[in-house]
Every structure is written in structure tokens, then in C-alpha cells.
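With TSV, C-alpha atoms inside, this is model21.tsv:
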```
chain	number	residue	atom	x	y	z
A	25	MET	CA	-57.43	-7.51	6.64
A	26	ALA	CA	-54.92	-9.87	8.21
A	27	GLN	CA	-53.65	-10.81	4.74
A	28	LEU	CA	-53.14	-7.14	3.88
A	29	ILE	CA	-51.15	-6.58	7.08
A	30	GLU	CA	-49.04	-9.68	6.42
A	31	GLN	CA	-48.39	-8.57	2.84
A	32	SER	CA	-47.37	-5.09	4.06
A	33	ILE	CA	-44.93	-6.63	6.54
A	34	ARG	CA	-43.40	-8.80	3.79
A	35	ASN	CA	-43.12	-5.81	1.47
A	36	SER	CA	-41.50	-3.70	4.17
A	37	SER	CA	-39.02	-6.52	4.88
A	38	ILE	CA	-38.16	-6.71	1.20
A	39	TRP	CA	-37.62	-2.96	1.05
A	40	ARG	CA	-35.47	-3.02	4.20
A	41	GLY	CA	-33.37	-5.85	2.72
A	42	TRP	CA	-33.03	-3.92	-0.54
A	43	ASP	CA	-32.00	-0.79	1.35
A	44	ASN	CA	-29.43	-2.75	3.34
A	45	ARG	CA	-28.00	-4.24	0.16
A	46	CYS	CA	-27.79	-0.78	-1.40
A	47	VAL	CA	-26.03	0.61	1.67
A	48	THR	CA	-23.59	-2.34	1.73
A	49	THR	CA	-22.86	-1.92	-2.00
A	50	ALA	CA	-22.29	1.80	-1.52
A	51	ILE	CA	-19.90	1.18	1.38
A	52	GLN	CA	-17.95	-1.43	-0.60
A	53	SER	CA	-17.79	0.88	-3.60
A	54	GLY	CA	-16.59	3.75	-1.43
A	55	THR	CA	-13.97	1.53	0.21
A	56	GLN	CA	-12.61	0.33	-3.13
A	57	GLU	CA	-12.51	3.90	-4.38
A	58	GLY	CA	-10.58	4.84	-1.25
A	59	VAL	CA	-8.09	2.04	-1.92
A	60	ARG	CA	-7.64	3.20	-5.50
A	61	ARG	CA	-7.06	6.80	-4.42
A	62	ILE	CA	-4.48	5.90	-1.75
A	63	GLN	CA	-2.66	3.62	-4.20
A	64	ILE	CA	-2.54	6.33	-6.87
A	65	VAL	CA	-0.98	8.72	-4.35
A	66	THR	CA	1.45	5.97	-3.29
A	67	ILE	CA	2.48	5.13	-6.85
A	68	VAL	CA	3.07	8.78	-7.81
A	69	TRP	CA	5.18	9.42	-4.71
A	70	MET	CA	7.07	6.12	-4.97
A	71	VAL	CA	8.02	6.76	-8.61
A	72	LEU	CA	9.49	10.11	-7.56
A	73	GLU	CA	11.14	8.54	-4.50
A	74	VAL	CA	12.71	5.68	-6.48
A	75	ILE	CA	14.10	7.91	-9.22
A	76	LEU	CA	15.59	10.53	-6.90
A	77	SER	CA	16.93	8.16	-4.26
A	78	LEU	CA	18.58	5.74	-6.73
A	79	TRP	CA	19.97	8.62	-8.79
A	80	SER	CA	21.38	10.16	-5.59
A	81	ALA	CA	22.76	6.78	-4.52
A	82	TRP	CA	24.57	6.43	-7.85
A	83	LYS	CA	25.95	9.98	-7.80
A	84	ALA	CA	27.08	9.80	-4.15
A	85	SER	CA	28.05	6.10	-4.04
A	86	SER	CA	25.76	5.88	-1.00
A	87	PRO	CA	24.87	2.40	0.35
A	88	VAL	CA	22.09	3.74	2.56
A	89	LEU	CA	20.43	5.56	-0.33
A	90	ALA	CA	20.80	2.44	-2.47
A	91	ALA	CA	19.07	0.45	0.27
A	92	PHE	CA	16.32	3.01	0.60
A	93	GLY	CA	15.86	3.34	-3.16
A	94	GLY	CA	15.76	-0.43	-3.63
A	95	ASP	CA	13.19	-0.80	-0.89
A	96	SER	CA	11.17	2.00	-2.49
A	97	ALA	CA	11.26	0.20	-5.85
A	98	ILE	CA	9.81	-2.94	-4.22
A	99	GLU	CA	7.19	-0.82	-2.46
A	100	LEU	CA	6.26	0.61	-5.85
A	101	PHE	CA	5.84	-2.93	-7.16
A	102	SER	CA	3.65	-3.75	-4.16
A	103	ALA	CA	1.50	-0.65	-4.68
A	104	VAL	CA	0.96	-1.57	-8.34
A	105	ILE	CA	-0.01	-5.12	-7.32
A	106	VAL	CA	-2.58	-3.82	-4.86
A	107	MET	CA	-3.99	-1.46	-7.49
A	108	TRP	CA	-4.25	-4.39	-9.94
A	109	ARG	CA	-5.91	-6.54	-7.26
A	110	PHE	CA	-8.69	-4.02	-6.63
A	111	ARG	CA	-9.22	-3.06	-10.28
A	112	MET	CA	-9.11	-6.55	-11.79
A	113	GLY	CA	-10.49	-8.57	-8.87
A	114	ALA	CA	-7.50	-10.85	-8.28
A	115	SER	CA	-8.12	-14.02	-6.32
A	116	GLU	CA	-6.87	-14.50	-2.75
A	117	GLN	CA	-4.30	-17.02	-4.01
A	118	GLU	CA	-2.92	-14.54	-6.53
A	119	GLU	CA	-2.87	-11.87	-3.83
A	120	HIS	CA	-0.80	-14.04	-1.46
A	121	LEU	CA	1.53	-14.97	-4.34
A	122	ALA	CA	2.14	-11.27	-5.02
A	123	ALA	CA	2.83	-10.63	-1.33
A	124	ARG	CA	5.32	-13.53	-1.20
A	125	LEU	CA	7.03	-12.27	-4.36
A	126	ALA	CA	7.48	-8.86	-2.74
A	127	GLY	CA	8.93	-10.62	0.31
A	128	GLY	CA	11.43	-12.51	-1.83
A	129	LEU	CA	12.56	-9.31	-3.53
A	130	LEU	CA	13.11	-7.72	-0.11
A	131	VAL	CA	15.38	-10.61	0.92
A	132	VAL	CA	17.43	-10.11	-2.26
A	133	LEU	CA	17.61	-6.40	-1.49
A	134	ALA	CA	18.87	-7.09	2.06
A	135	VAL	CA	21.69	-9.26	0.68
A	136	LEU	CA	22.69	-6.55	-1.80
A	137	VAL	CA	22.63	-3.86	0.90
A	138	VAL	CA	24.92	-5.86	3.18
A	139	SER	CA	27.34	-6.51	0.30
A	140	VAL	CA	27.51	-2.86	-0.78
A	141	SER	CA	27.87	-1.68	2.82
A	142	PHE	CA	30.86	-3.93	3.50
A	143	ILE	CA	32.48	-2.85	0.24
A	144	SER	CA	32.15	0.74	1.42
A	145	LEU	CA	33.42	-0.01	4.95
A	146	LEU	CA	36.47	-1.78	3.50
A	147	GLY	CA	37.34	1.42	1.63
A	148	TYR	CA	36.75	0.24	-1.92
A	149	GLN	CA	34.08	2.88	-2.46
A	150	VAL	CA	33.84	6.10	-0.44
A	151	PRO	CA	30.31	7.58	-0.17
A	152	GLN	CA	29.73	11.30	-0.67
A	153	PRO	CA	27.16	13.60	0.98
A	154	SER	CA	23.85	13.87	-0.90
A	155	TYR	CA	21.57	16.82	-0.22
A	156	VAL	CA	19.03	15.65	-2.78
A	157	GLY	CA	18.92	12.34	-0.93
A	158	ILE	CA	18.37	14.14	2.37
A	159	ALA	CA	15.44	16.07	0.86
A	160	VAL	CA	13.86	12.83	-0.43
A	161	LEU	CA	14.23	11.20	2.99
A	162	ILE	CA	12.58	14.15	4.73
A	163	GLY	CA	9.66	13.91	2.28
A	164	ALA	CA	9.30	10.17	2.93
A	165	LEU	CA	9.44	10.74	6.69
A	166	VAL	CA	6.44	13.08	6.40
A	167	ILE	CA	4.36	11.26	3.77
A	168	MET	CA	4.81	7.54	4.45
A	169	PRO	CA	3.31	7.37	7.99
A	170	CYS	CA	0.11	8.97	6.68
A	171	LEU	CA	-0.12	6.48	3.81
A	172	ALA	CA	0.60	3.53	6.12
A	173	ARG	CA	-2.11	4.56	8.58
A	174	GLU	CA	-4.76	4.85	5.87
A	175	LYS	CA	-3.74	1.54	4.25
A	176	ARG	CA	-3.97	-0.28	7.60
A	177	ARG	CA	-7.49	1.05	8.05
A	178	LEU	CA	-8.54	0.00	4.56
A	179	SER	CA	-6.90	-3.43	4.85
A	180	ALA	CA	-8.93	-4.10	8.01
A	181	VAL	CA	-12.14	-3.15	6.15
A	182	THR	CA	-11.39	-5.11	2.96
A	183	GLY	CA	-9.53	-8.06	4.51
A	184	SER	CA	-6.83	-7.68	1.87
A	185	ALA	CA	-3.52	-9.41	2.69
A	186	ALA	CA	-1.74	-7.61	-0.16
A	187	LEU	CA	-2.93	-4.23	1.12
A	188	ARG	CA	-1.86	-5.17	4.64
A	189	ALA	CA	1.62	-6.08	3.36
A	190	ASP	CA	1.70	-2.81	1.44
A	191	ALA	CA	0.75	-0.91	4.62
A	192	ALA	CA	3.58	-2.65	6.52
A	193	GLN	CA	6.03	-1.62	3.81
A	194	SER	CA	4.84	1.99	3.91
A	195	GLY	CA	5.16	2.08	7.70
A	196	LEU	CA	8.65	0.60	7.68
A	197	CYS	CA	9.63	3.01	4.91
A	198	ALA	CA	9.21	5.81	7.46
A	199	TYR	CA	11.63	4.04	9.84
A	200	LEU	CA	14.05	3.39	6.99
A	201	SER	CA	13.96	7.05	5.97
A	202	PHE	CA	14.63	8.16	9.56
A	203	ILE	CA	17.68	5.90	9.96
A	204	ALA	CA	18.97	6.79	6.49
A	205	LEU	CA	18.48	10.49	7.27
A	206	LEU	CA	20.59	10.13	10.43
A	207	GLY	CA	23.36	8.46	8.44
A	208	LEU	CA	23.37	11.02	5.63
A	209	SER	CA	23.15	13.95	8.04
A	210	ALA	CA	26.10	12.66	10.11
A	211	HIS	CA	28.06	12.32	6.90
A	212	ALA	CA	27.10	15.76	5.55
A	213	ILE	CA	27.50	17.71	8.81
A	214	TRP	CA	30.33	15.94	10.66
A	215	HIS	CA	31.95	14.24	7.62
A	216	ILE	CA	31.68	10.77	9.18
A	217	GLU	CA	32.11	8.60	6.12
A	218	TRP	CA	31.32	5.30	7.84
A	219	ALA	CA	27.92	6.63	9.03
A	220	ASP	CA	26.41	5.98	5.59
A	221	PRO	CA	27.20	2.23	5.28
A	222	VAL	CA	26.56	1.65	9.00
A	223	ALA	CA	23.09	3.22	8.61
A	224	ALA	CA	22.51	0.86	5.67
A	225	LEU	CA	23.46	-2.14	7.82
A	226	ILE	CA	21.09	-0.94	10.57
A	227	ILE	CA	18.32	-0.74	7.98
A	228	THR	CA	18.87	-4.35	6.84
A	229	PRO	CA	17.05	-6.08	9.76
A	230	LEU	CA	14.05	-3.82	9.13
A	231	ILE	CA	14.03	-4.86	5.48
A	232	LEU	CA	14.10	-8.53	6.54
A	233	PHE	CA	11.28	-7.90	9.02
A	234	GLU	CA	9.35	-6.29	6.18
A	235	ALA	CA	10.02	-9.39	4.06
A	236	ARG	CA	8.67	-11.65	6.82
A	237	GLU	CA	5.49	-9.58	7.04
A	238	ALA	CA	5.03	-9.89	3.28
A	239	PHE	CA	5.59	-13.68	3.36
A	240	GLN	CA	2.97	-14.04	6.12
A	241	GLY	CA	0.53	-11.93	4.11
A	242	ARG	CA	-1.58	-10.91	7.08
A	243	ALA	CA	-4.62	-8.75	6.37
A	244	CYS	CA	-4.90	-7.21	9.85
A	245	GLU	CA	-3.00	-6.84	13.11
A	246	CYS	CA	-5.07	-9.58	14.78
A	247	CYS	CA	-4.43	-12.24	12.10
```
Represent the supplied structure as C-alpha cells.
Amino acid sequence: MAQLIEQSIRNSSIWRGWDNRCVTTAIQSGTQEGVRRIQIVTIVWMVLEVILSLWSAWKASSPVLAAFGGDSAIELFSAVIVMWRFRMGASEQEEHLAARLAGGLLVVLAVLVVSVSFISLLGYQVPQPSYVGIAVLIGALVIMPCLAREKRRLSAVTGSAALRADAAQSGLCAYLSFIALLGLSAHAIWHIEWADPVAALIITPLILFEAREAFQGRACECC
């Protein structure tokens, strides 16, 4: 009788362990699916954002739109890297390398933004109002905070440094869009030509902060 009871206890422990493993696997699978979904949404929006903002920057000779579009292009690269990491199972070393590469590209972008802004301020290139650019910035101001919040939550669950860097970029994109929107609006409404390049220069420290976050490759706020 005692042997039967002991065997039943062992069997129940095995079943509980199996159930726990199934639950853990289901949670991990659901989390990875959540990451894939949020990255698909990010990639679709970023492609649209990059095309429209850079096209508007070219048409309007706008430094602030060039800064925003360049940052968006690097965010698109980051989103693709994160998608690759969760689909192909990239190693932690590869993940940190991707984050540092994104950081390096952001530093290059900051240098280009400063150069273009000073060229505009010196009068060699006069920016024009861009209503398409304003529309893109409004869209980013609405969408990017939601994406950043969800990515931060998922990065804490998965411990992914690349996803954390991607979340930081999405969050800062909202700040960039707000500052750029102020510059473009001042130019369009009050015809203040210098508002555009000055807004781009104000954005530059945020881009460098974003680069630092990517270089550090932190997976959560506490790291």
C-alpha cells in the first residue's frame, strides 16, 4: 500500500512538472509571437515613415525632416535586426553587435544633421514648408509611444538587449517627431525659416542619447 502511495506521488510530481513545462513553453511561444507581431507593425510603419519623411526632406530641403527620416531608417534597421533575432535565434553576442552597429549609425546621422543644419542656417539652402512631413510627424507622435511601451514590456520578459535598444529608439522617435513638428509648424504658420534647422540641432542630442543607449545594449530599465 505504501509503495502504491509513493508511486502515485511520484507520478503526480511528474505530471505537475510536465504541466509546468507545457505552461512555460506556451508562455515563451506567446511572447515570441508577440515580439514578431510588434516588429511587423513597426517595420510596416517605419518603411512608410522613412519613404515619406526623406522624400519630404528632399522636396522641401528640410534639415529636420532629413534628421527624422535618417533616424527612422536606422530604426527600421533595428526593427529588422530584432525580427531576425527572434526568428533565427541569434546569439547574445550577435545581438549586442547589432545594437552597437545601430548606435554607430546614429552617431553618423548626428554628424550629418549638424552639418546640414549649419548649411541651412548660413543661407546656402533655404528650407520650405512641408505639409506631408507634418502629417508623417503627427502619425509618428501617435503611433511610436504605443510601440515603445509594448517593446519595453516584451524586452523585460525576454531579456533581449536588441529589443530594449529598439524600444528606446521607438520612444525617442516620439520626442523627435514632437520637436520636428514644432519646427515645421513654426515654419509653415509663421514663416520662420530658421525654425527648421534649429529644430534639427535640438534633435541631435536626443539622437546621440539614443546612440548611447544602443551601445550599452541594456535589456531592461534596471540593467
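Distance-wise, atom CA of Ile64 of chain A and atom CA of Val106 of chain A end up 10.3 Å apart.
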Min atom-atom distance to Ala81 of chain A from the set A:Ile62, A:Ile105, A:Val150, A:Ala164, counting all atoms listed in the file, belongs to A:Val150
Can you tell me how far atom CA of Leu196 of chain A sits from atom CA of Leu76 of chain A, in Å to one decimal?
19.0 Å
Within 9 Å of segment 228-232 of chain A, which residues of segment 63-155 of chain A come that close, and what is the closest atom pair and distance in Å for each? Count all atoms listed in the file and give it as CSV.
```
residue,atom,partner,partner_atom,distance
A:Ala91,CA,A:Thr228,CA,8.1
A:Asp95,CA,A:Ile231,CA,7.6
A:Gly127,CA,A:Leu232,CA,8.4
A:Leu130,CA,A:Ile231,CA,6.3
A:Val131,CA,A:Leu232,CA,6.1
A:Leu133,CA,A:Ile231,CA,8.0
A:Ala134,CA,A:Thr228,CA,5.5
A:Val135,CA,A:Thr228,CA,8.4
A:Val137,CA,A:Thr228,CA,7.0
A:Val138,CA,A:Thr228,CA,7.2
```
Counting all atoms listed in the file, which of A:Val222, A:Ser184, A:Ser80, A:Ser102 gets nearest to Gly128 of chain A?
A:Ser102
Enclosing box along x, y and z for every listed atom of segment 146-159 of chain A, padded 5 Å each side, centre and size in Å, one decimal, as lines of an AutoDock Vina configuration file:
```
center_x = 26.4
center_y = 7.5
center_z = 0.4
size_x = 31.9
size_y = 28.6
size_z = 16.3
```
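In terms of minimum interatomic distance to Thr66 of chain A, A:Ala172 ranks closest within A:Ala172, A:Leu129, A:Ala210, A:Ile158, counting all atoms listed in the file.
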